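> I'm passing along structure06.pdb; it holds PDB, C-alpha atoms.
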```
ATOM      1  CA  MET Z   1      83.527 126.230   8.990  1.00  0.00           C
ATOM      2  CA  ASN Z   2      81.585 126.230  12.288  1.00  0.00           C
ATOM      3  CA  LYS Z   3      78.404 125.528  10.355  1.00  0.00           C
ATOM      4  CA  ASP Z   4      80.011 122.393   8.783  1.00  0.00           C
ATOM      5  CA  ILE Z   5      81.152 121.138  12.185  1.00  0.00           C
ATOM      6  CA  LEU Z   6      77.664 121.628  13.621  1.00  0.00           C
ATOM      7  CA  ILE Z   7      76.088 119.712  10.704  1.00  0.00           C
ATOM      8  CA  ALA Z   8      78.652 116.881  11.115  1.00  0.00           C
ATOM      9  CA  LEU Z   9      77.910 116.651  14.853  1.00  0.00           C
ATOM     10  CA  LYS Z  10      74.148 116.508  14.209  1.00  0.00           C
ATOM     11  CA  VAL Z  11      74.595 113.748  11.602  1.00  0.00           C
ATOM     12  CA  ALA Z  12      76.916 111.810  13.944  1.00  0.00           C
ATOM     13  CA  LEU Z  13      74.406 112.114  16.829  1.00  0.00           C
ATOM     14  CA  LEU Z  14      71.487 111.063  14.610  1.00  0.00           C
ATOM     15  CA  THR Z  15      73.489 108.092  13.279  1.00  0.00           C
ATOM     16  CA  LEU Z  16      74.452 107.098  16.816  1.00  0.00           C
ATOM     17  CA  LEU Z  17      70.823 107.203  17.945  1.00  0.00           C
ATOM     18  CA  LEU Z  18      69.562 105.238  14.930  1.00  0.00           C
ATOM     19  CA  THR Z  19      72.261 102.574  14.663  1.00  0.00           C
ATOM     20  CA  GLY Z  20      73.478 102.457  18.254  1.00  0.00           C
ATOM     21  CA  LEU Z  21      70.176 102.545  20.135  1.00  0.00           C
ATOM     22  CA  LEU Z  22      67.013 102.350  18.049  1.00  0.00           C
ATOM     23  CA  TYR Z  23      68.082  99.547  15.667  1.00  0.00           C
ATOM     24  CA  PRO Z  24      69.472  97.216  18.401  1.00  0.00           C
ATOM     25  CA  PHE Z  25      66.362  97.697  20.557  1.00  0.00           C
ATOM     26  CA  LEU Z  26      64.061  96.970  17.596  1.00  0.00           C
ATOM     27  CA  VAL Z  27      65.981  93.839  16.563  1.00  0.00           C
ATOM     28  CA  THR Z  28      66.132  92.587  20.169  1.00  0.00           C
ATOM     29  CA  GLY Z  29      62.434  93.293  20.674  1.00  0.00           C
ATOM     30  CA  PHE Z  30      61.348  91.549  17.470  1.00  0.00           C
ATOM     31  CA  SER Z  31      63.589  88.543  18.083  1.00  0.00           C
ATOM     32  CA  SER Z  32      62.305  88.213  21.657  1.00  0.00           C
ATOM     33  CA  PHE Z  33      58.733  88.438  20.395  1.00  0.00           C
ATOM     34  CA  LEU Z  34      59.080  86.115  17.384  1.00  0.00           C
ATOM     35  CA  PHE Z  35      61.676  83.671  18.761  1.00  0.00           C
ATOM     36  CA  TYR Z  36      61.271  84.007  22.535  1.00  0.00           C
ATOM     37  CA  ARG Z  37      62.882  80.696  23.486  1.00  0.00           C
ATOM     38  CA  ARG Z  38      65.891  81.092  21.191  1.00  0.00           C
ATOM     39  CA  ALA Z  39      66.412  84.762  22.002  1.00  0.00           C
ATOM     40  CA  ASN Z  40      66.596  83.859  25.676  1.00  0.00           C
ATOM     41  CA  GLY Z  41      69.261  81.175  25.388  1.00  0.00           C
ATOM     42  CA  SER Z  42      67.270  78.041  24.406  1.00  0.00           C
ATOM     43  CA  LEU Z  43      67.135  77.067  28.066  1.00  0.00           C
ATOM     44  CA  ILE Z  44      65.983  73.603  29.104  1.00  0.00           C
ATOM     45  CA  LEU Z  45      63.790  73.429  32.202  1.00  0.00           C
ATOM     46  CA  ASN Z  46      62.941  70.437  34.365  1.00  0.00           C
ATOM     47  CA  GLU Z  47      59.485  69.573  35.742  1.00  0.00           C
ATOM     48  CA  GLN Z  48      59.919  72.125  38.556  1.00  0.00           C
ATOM     49  CA  ASN Z  49      60.721  74.882  36.005  1.00  0.00           C
ATOM     50  CA  LYS Z  50      64.323  74.982  37.192  1.00  0.00           C
ATOM     51  CA  ILE Z  51      66.949  75.701  34.533  1.00  0.00           C
ATOM     52  CA  ILE Z  52      69.133  72.649  34.001  1.00  0.00           C
ATOM     53  CA  GLY Z  53      71.050  73.807  30.944  1.00  0.00           C
ATOM     54  CA  SER Z  54      70.941  75.230  27.471  1.00  0.00           C
ATOM     55  CA  GLU Z  55      70.732  73.212  24.313  1.00  0.00           C
ATOM     56  CA  LEU Z  56      73.320  75.595  22.846  1.00  0.00           C
ATOM     57  CA  ILE Z  57      76.155  74.974  25.335  1.00  0.00           C
ATOM     58  CA  GLY Z  58      77.821  71.645  26.021  1.00  0.00           C
ATOM     59  CA  GLN Z  59      78.000  70.219  29.519  1.00  0.00           C
ATOM     60  CA  ASN Z  60      80.312  67.612  30.958  1.00  0.00           C
ATOM     61  CA  PHE Z  61      78.928  64.185  31.872  1.00  0.00           C
ATOM     62  CA  ASN Z  62      81.274  61.787  33.688  1.00  0.00           C
ATOM     63  CA  ASN Z  63      78.873  59.053  34.768  1.00  0.00           C
ATOM     64  CA  PRO Z  64      79.143  56.067  32.366  1.00  0.00           C
ATOM     65  CA  SER Z  65      75.330  55.840  32.380  1.00  0.00           C
ATOM     66  CA  TYR Z  66      75.274  59.003  30.301  1.00  0.00           C
ATOM     67  CA  PHE Z  67      76.526  59.901  26.849  1.00  0.00           C
ATOM     68  CA  PHE Z  68      79.718  61.933  26.922  1.00  0.00           C
ATOM     69  CA  PRO Z  69      80.049  65.163  24.919  1.00  0.00           C
ATOM     70  CA  ARG Z  70      83.016  66.361  22.917  1.00  0.00           C
ATOM     71  CA  PRO Z  71      86.015  67.378  25.024  1.00  0.00           C
ATOM     72  CA  SER Z  72      86.180  71.068  25.879  1.00  0.00           C
ATOM     73  CA  ALA Z  73      89.080  73.521  25.650  1.00  0.00           C
ATOM     74  CA  ALA Z  74      87.018  76.350  27.176  1.00  0.00           C
ATOM     75  CA  GLY Z  75      88.682  77.429  30.412  1.00  0.00           C
ATOM     76  CA  LYS Z  76      88.816  74.450  32.764  1.00  0.00           C
ATOM     77  CA  GLY Z  77      86.251  72.726  30.543  1.00  0.00           C
ATOM     78  CA  TYR Z  78      82.745  73.722  29.451  1.00  0.00           C
ATOM     79  CA  ASP Z  79      83.228  77.243  30.834  1.00  0.00           C
ATOM     80  CA  GLY Z  80      80.900  79.584  28.927  1.00  0.00           C
ATOM     81  CA  MET Z  81      82.885  82.603  30.110  1.00  0.00           C
ATOM     82  CA  ALA Z  82      86.059  81.244  28.492  1.00  0.00           C
ATOM     83  CA  SER Z  83      84.707  80.014  25.168  1.00  0.00           C
ATOM     84  CA  GLN Z  84      87.606  79.346  22.870  1.00  0.00           C
ATOM     85  CA  GLY Z  85      89.344  76.677  20.924  1.00  0.00           C
ATOM     86  CA  SER Z  86      92.834  75.555  21.799  1.00  0.00           C
ATOM     87  CA  ASN Z  87      94.298  77.009  18.574  1.00  0.00           C
ATOM     88  CA  PHE Z  88      96.736  74.095  18.404  1.00  0.00           C
ATOM     89  CA  SER Z  89      97.914  73.333  14.898  1.00  0.00           C
ATOM     90  CA  GLN Z  90      97.581  69.839  13.448  1.00  0.00           C
ATOM     91  CA  THR Z  91     101.297  69.312  14.022  1.00  0.00           C
ATOM     92  CA  SER Z  92     101.208  70.442  17.666  1.00  0.00           C
ATOM     93  CA  LYS Z  93     102.724  67.993  20.151  1.00  0.00           C
ATOM     94  CA  ALA Z  94     100.380  69.313  22.861  1.00  0.00           C
ATOM     95  CA  LEU Z  95      97.353  68.560  20.672  1.00  0.00           C
ATOM     96  CA  LEU Z  96      98.628  65.073  19.877  1.00  0.00           C
ATOM     97  CA  LYS Z  97      99.252  64.416  23.583  1.00  0.00           C
ATOM     98  CA  ARG Z  98      95.754  65.609  24.529  1.00  0.00           C
ATOM     99  CA  ILE Z  99      94.127  63.457  21.834  1.00  0.00           C
ATOM    100  CA  ASN Z 100      96.146  60.375  22.836  1.00  0.00           C
ATOM    101  CA  THR Z 101      95.261  60.912  26.496  1.00  0.00           C
ATOM    102  CA  LYS Z 102      91.567  61.162  25.588  1.00  0.00           C
ATOM    103  CA  ILE Z 103      91.811  58.031  23.418  1.00  0.00           C
ATOM    104  CA  GLU Z 104      93.351  56.039  26.286  1.00  0.00           C
ATOM    105  CA  GLU Z 105      90.698  57.384  28.668  1.00  0.00           C
ATOM    106  CA  ILE Z 106      87.749  56.222  26.562  1.00  0.00           C
ATOM    107  CA  LYS Z 107      89.317  53.184  24.900  1.00  0.00           C
ATOM    108  CA  LYS Z 108      88.284  50.952  27.816  1.00  0.00           C
ATOM    109  CA  ASP Z 109      84.616  51.409  26.848  1.00  0.00           C
ATOM    110  CA  ASN Z 110      84.961  50.127  23.313  1.00  0.00           C
ATOM    111  CA  SER Z 111      87.960  48.954  21.316  1.00  0.00           C
ATOM    112  CA  ASP Z 112      86.473  49.877  17.930  1.00  0.00           C
ATOM    113  CA  LEU Z 113      87.651  52.931  16.038  1.00  0.00           C
ATOM    114  CA  ILE Z 114      86.817  55.998  18.108  1.00  0.00           C
ATOM    115  CA  PRO Z 115      84.813  58.736  16.321  1.00  0.00           C
ATOM    116  CA  ILE Z 116      86.981  61.826  15.911  1.00  0.00           C
ATOM    117  CA  ASP Z 117      84.536  64.152  17.677  1.00  0.00           C
ATOM    118  CA  LEU Z 118      84.977  62.233  20.951  1.00  0.00           C
ATOM    119  CA  VAL Z 119      88.683  63.111  21.124  1.00  0.00           C
ATOM    120  CA  THR Z 120      88.829  66.584  19.533  1.00  0.00           C
ATOM    121  CA  THR Z 121      87.371  69.855  20.751  1.00  0.00           C
ATOM    122  CA  SER Z 122      85.123  72.152  18.767  1.00  0.00           C
ATOM    123  CA  GLY Z 123      86.104  75.694  17.815  1.00  0.00           C
ATOM    124  CA  SER Z 124      84.271  77.183  20.790  1.00  0.00           C
ATOM    125  CA  GLY Z 125      84.984  74.347  23.208  1.00  0.00           C
ATOM    126  CA  LEU Z 126      81.270  74.360  24.059  1.00  0.00           C
ATOM    127  CA  ASP Z 127      79.685  72.328  21.258  1.00  0.00           C
ATOM    128  CA  PRO Z 128      76.539  70.651  22.653  1.00  0.00           C
ATOM    129  CA  HIS Z 129      76.340  68.075  19.851  1.00  0.00           C
ATOM    130  CA  ILE Z 130      78.081  64.870  18.886  1.00  0.00           C
ATOM    131  CA  SER Z 131      77.801  62.952  15.651  1.00  0.00           C
ATOM    132  CA  PRO Z 132      75.330  60.058  15.473  1.00  0.00           C
ATOM    133  CA  GLN Z 133      78.379  57.796  15.035  1.00  0.00           C
ATOM    134  CA  ALA Z 134      79.780  59.022  18.361  1.00  0.00           C
ATOM    135  CA  ALA Z 135      76.423  58.352  20.036  1.00  0.00           C
ATOM    136  CA  TYR Z 136      76.172  54.846  18.537  1.00  0.00           C
ATOM    137  CA  TRP Z 137      79.759  54.166  19.620  1.00  0.00           C
ATOM    138  CA  GLN Z 138      78.834  54.999  23.240  1.00  0.00           C
ATOM    139  CA  ALA Z 139      75.486  53.176  23.173  1.00  0.00           C
ATOM    140  CA  PRO Z 140      76.769  49.764  24.400  1.00  0.00           C
ATOM    141  CA  ARG Z 141      78.330  51.356  27.502  1.00  0.00           C
ATOM    142  CA  VAL Z 142      75.175  53.333  28.301  1.00  0.00           C
ATOM    143  CA  ALA Z 143      72.932  50.288  27.736  1.00  0.00           C
ATOM    144  CA  MET Z 144      75.107  48.160  30.021  1.00  0.00           C
ATOM    145  CA  HIS Z 145      75.195  50.738  32.839  1.00  0.00           C
ATOM    146  CA  ARG Z 146      71.480  51.486  32.511  1.00  0.00           C
ATOM    147  CA  GLU Z 147      70.672  47.767  32.270  1.00  0.00           C
ATOM    148  CA  VAL Z 148      68.458  48.235  29.207  1.00  0.00           C
ATOM    149  CA  SER Z 149      68.669  46.727  25.750  1.00  0.00           C
ATOM    150  CA  LEU Z 150      71.055  48.189  23.227  1.00  0.00           C
ATOM    151  CA  LYS Z 151      68.183  48.274  20.735  1.00  0.00           C
ATOM    152  CA  ARG Z 152      66.260  50.653  23.028  1.00  0.00           C
ATOM    153  CA  ILE Z 153      69.236  53.022  23.356  1.00  0.00           C
ATOM    154  CA  VAL Z 154      69.823  52.982  19.586  1.00  0.00           C
ATOM    155  CA  SER Z 155      66.129  53.782  19.062  1.00  0.00           C
ATOM    156  CA  ILE Z 156      66.434  56.850  21.315  1.00  0.00           C
ATOM    157  CA  ILE Z 157      69.523  58.014  19.420  1.00  0.00           C
ATOM    158  CA  GLU Z 158      67.689  57.642  16.107  1.00  0.00           C
ATOM    159  CA  ASP Z 159      64.705  59.618  17.413  1.00  0.00           C
ATOM    160  CA  LEU Z 160      66.908  62.480  18.647  1.00  0.00           C
ATOM    161  CA  THR Z 161      69.236  62.716  15.642  1.00  0.00           C
ATOM    162  CA  GLU Z 162      68.825  66.143  14.052  1.00  0.00           C
ATOM    163  CA  PRO Z 163      69.316  66.441  10.280  1.00  0.00           C
ATOM    164  CA  PRO Z 164      71.643  69.027   8.742  1.00  0.00           C
ATOM    165  CA  GLN Z 165      70.144  72.500   8.914  1.00  0.00           C
ATOM    166  CA  PHE Z 166      67.747  72.956   5.994  1.00  0.00           C
ATOM    167  CA  ASN Z 167      68.909  69.453   5.003  1.00  0.00           C
ATOM    168  CA  ILE Z 168      72.022  70.918   3.354  1.00  0.00           C
ATOM    169  CA  LEU Z 169      74.079  72.831   5.951  1.00  0.00           C
ATOM    170  CA  GLY Z 170      76.380  70.905   8.270  1.00  0.00           C
ATOM    171  CA  GLU Z 171      76.078  67.308   9.374  1.00  0.00           C
ATOM    172  CA  ALA Z 172      73.532  65.214  11.240  1.00  0.00           C
ATOM    173  CA  ARG Z 173      73.995  65.645  14.991  1.00  0.00           C
ATOM    174  CA  VAL Z 174      72.688  64.625  18.409  1.00  0.00           C
ATOM    175  CA  ASN Z 175      72.317  67.060  21.315  1.00  0.00           C
ATOM    176  CA  VAL Z 176      74.007  65.346  24.287  1.00  0.00           C
ATOM    177  CA  LEU Z 177      72.025  67.126  27.021  1.00  0.00           C
ATOM    178  CA  ARG Z 178      68.697  66.307  25.375  1.00  0.00           C
ATOM    179  CA  LEU Z 179      69.793  62.698  24.863  1.00  0.00           C
ATOM    180  CA  ASN Z 180      70.779  62.306  28.521  1.00  0.00           C
ATOM    181  CA  LEU Z 181      67.559  63.953  29.706  1.00  0.00           C
ATOM    182  CA  VAL Z 182      65.515  61.486  27.649  1.00  0.00           C
ATOM    183  CA  LEU Z 183      67.476  58.622  29.212  1.00  0.00           C
ATOM    184  CA  ASP Z 184      66.580  59.933  32.673  1.00  0.00           C
ATOM    185  CA  GLN Z 185      62.970  60.434  31.618  1.00  0.00           C
ATOM    186  CA  PHE Z 186      62.599  56.847  30.382  1.00  0.00           C
ATOM    187  CA  PHE Z 187      64.890  54.965  32.762  1.00  0.00           C
ATOM    188  CA  GLY Z 188      65.289  57.246  35.803  1.00  0.00           C
ATOM    189  CA  SER Z 189      68.448  58.895  37.072  1.00  0.00           C
ATOM    190  CA  PRO Z 190      71.368  56.526  37.460  1.00  0.00           C
ATOM    191  CA  ILE Z 191      72.950  55.851  40.820  1.00  0.00           C
ATOM    192  CA  SER Z 192      75.795  58.276  41.472  1.00  0.00           C
ATOM    193  CA  LEU Z 193      79.264  56.853  41.248  1.00  0.00           C
ATOM    194  CA  PRO Z 194      81.584  57.077  44.269  1.00  0.00           C
TER
END
```
Using structure tokens, write down the structure that the file contains.

Amino acid sequence: MNKDILIALKVALLTLLLTGLLYPFLVTGFSSFLFYRRANGSLILNEQNKIIGSELIGQNFNNPSYFFPRPSAAGKGYDGMASQGSNFSQTSKALLKRINTKIEEIKKDNSDLIPIDLVTTSGSGLDPHISPQAAYWQAPRVAMHREVSLKRIVSIIEDLTEPPQFNILGEARVNVLRLNLVLDQFFGSPISLP
């Protein structure tokens, strides 16, 4: 009986060492070596090598000279420590109220049909992408506030549109942070609003 317990403890300790320590360290080491940028958060740096964001986490942009991301339900908005969806059902009055409030907020920019991803949150509340349709919908506002041609803004959107992963998984998308950084790169930072 004692011999069986000793064998079971040895097997449990060996399994713990292999699967709890050795395997995670090997996987982390290989991923950091092979995919350094992705394994370290896909951080975006400016010219001074200062971190300005991650292409994996959405950020809020309020200035009309920038493209707006999807709304966020994470904490007080775009809070990486509180990543979560709202878990409202499709029949929820709170969800309907939030969507209608968002529609009224952005309706002044364009009276056309609003793309659904501009008024609904993603599952995590931190989605960094919008659909190309949502970017095109916002393009006239951005062009007007940046005082550049709409054709130029549309060209930037087309250049930054990412295809579905492996051309079959998901939908085409545009990373909002990257899009806004390119706008600043080409046209300079906009004047801050009061």
> Could you state the separation of atom CA of Z:Ser131 and atom CA of Z:Pro71 in Å, given to one decimal place?
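For atom CA of Z:Ser131 relative to atom CA of Z:Pro71, the distance reads 13.2 Å.
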> What would the selection look like, as a list in words, if the PyMOL selection byres ((chain Z and resi 138) around 9) were run on the coordinates I just shared?
Tyr66, Phe67, Phe68, Asp109, Asn110, Gln133, Ala134, Ala135, Tyr136, Trp137, Ala139, Pro140, Arg141, Val142 and Ala143 of chain Z
> I'd like the neighbourhood of Z:Lys102 as a PyMOL selection string, where a residue qualifies if any of its atoms comes within 9 Å (using all atoms listed in the file), though same-chain residues fewer than 6 positions away should be ignored.
chain Z and resi 71+118-120
> Rounded to one decimal, what separation in Å do you get between atom CA of Z:Val176 and atom CA of Z:Leu160?
9.5 Å
> Would you list the residues near (77.6, 77.6, 25.4), meaning any protein, DNA or RNA residue with an atom at most 7 Å from that point in file coordinates, counting only C-alpha atoms, as an NGL selection string?
:Z and (56-58 or 80 or 126)
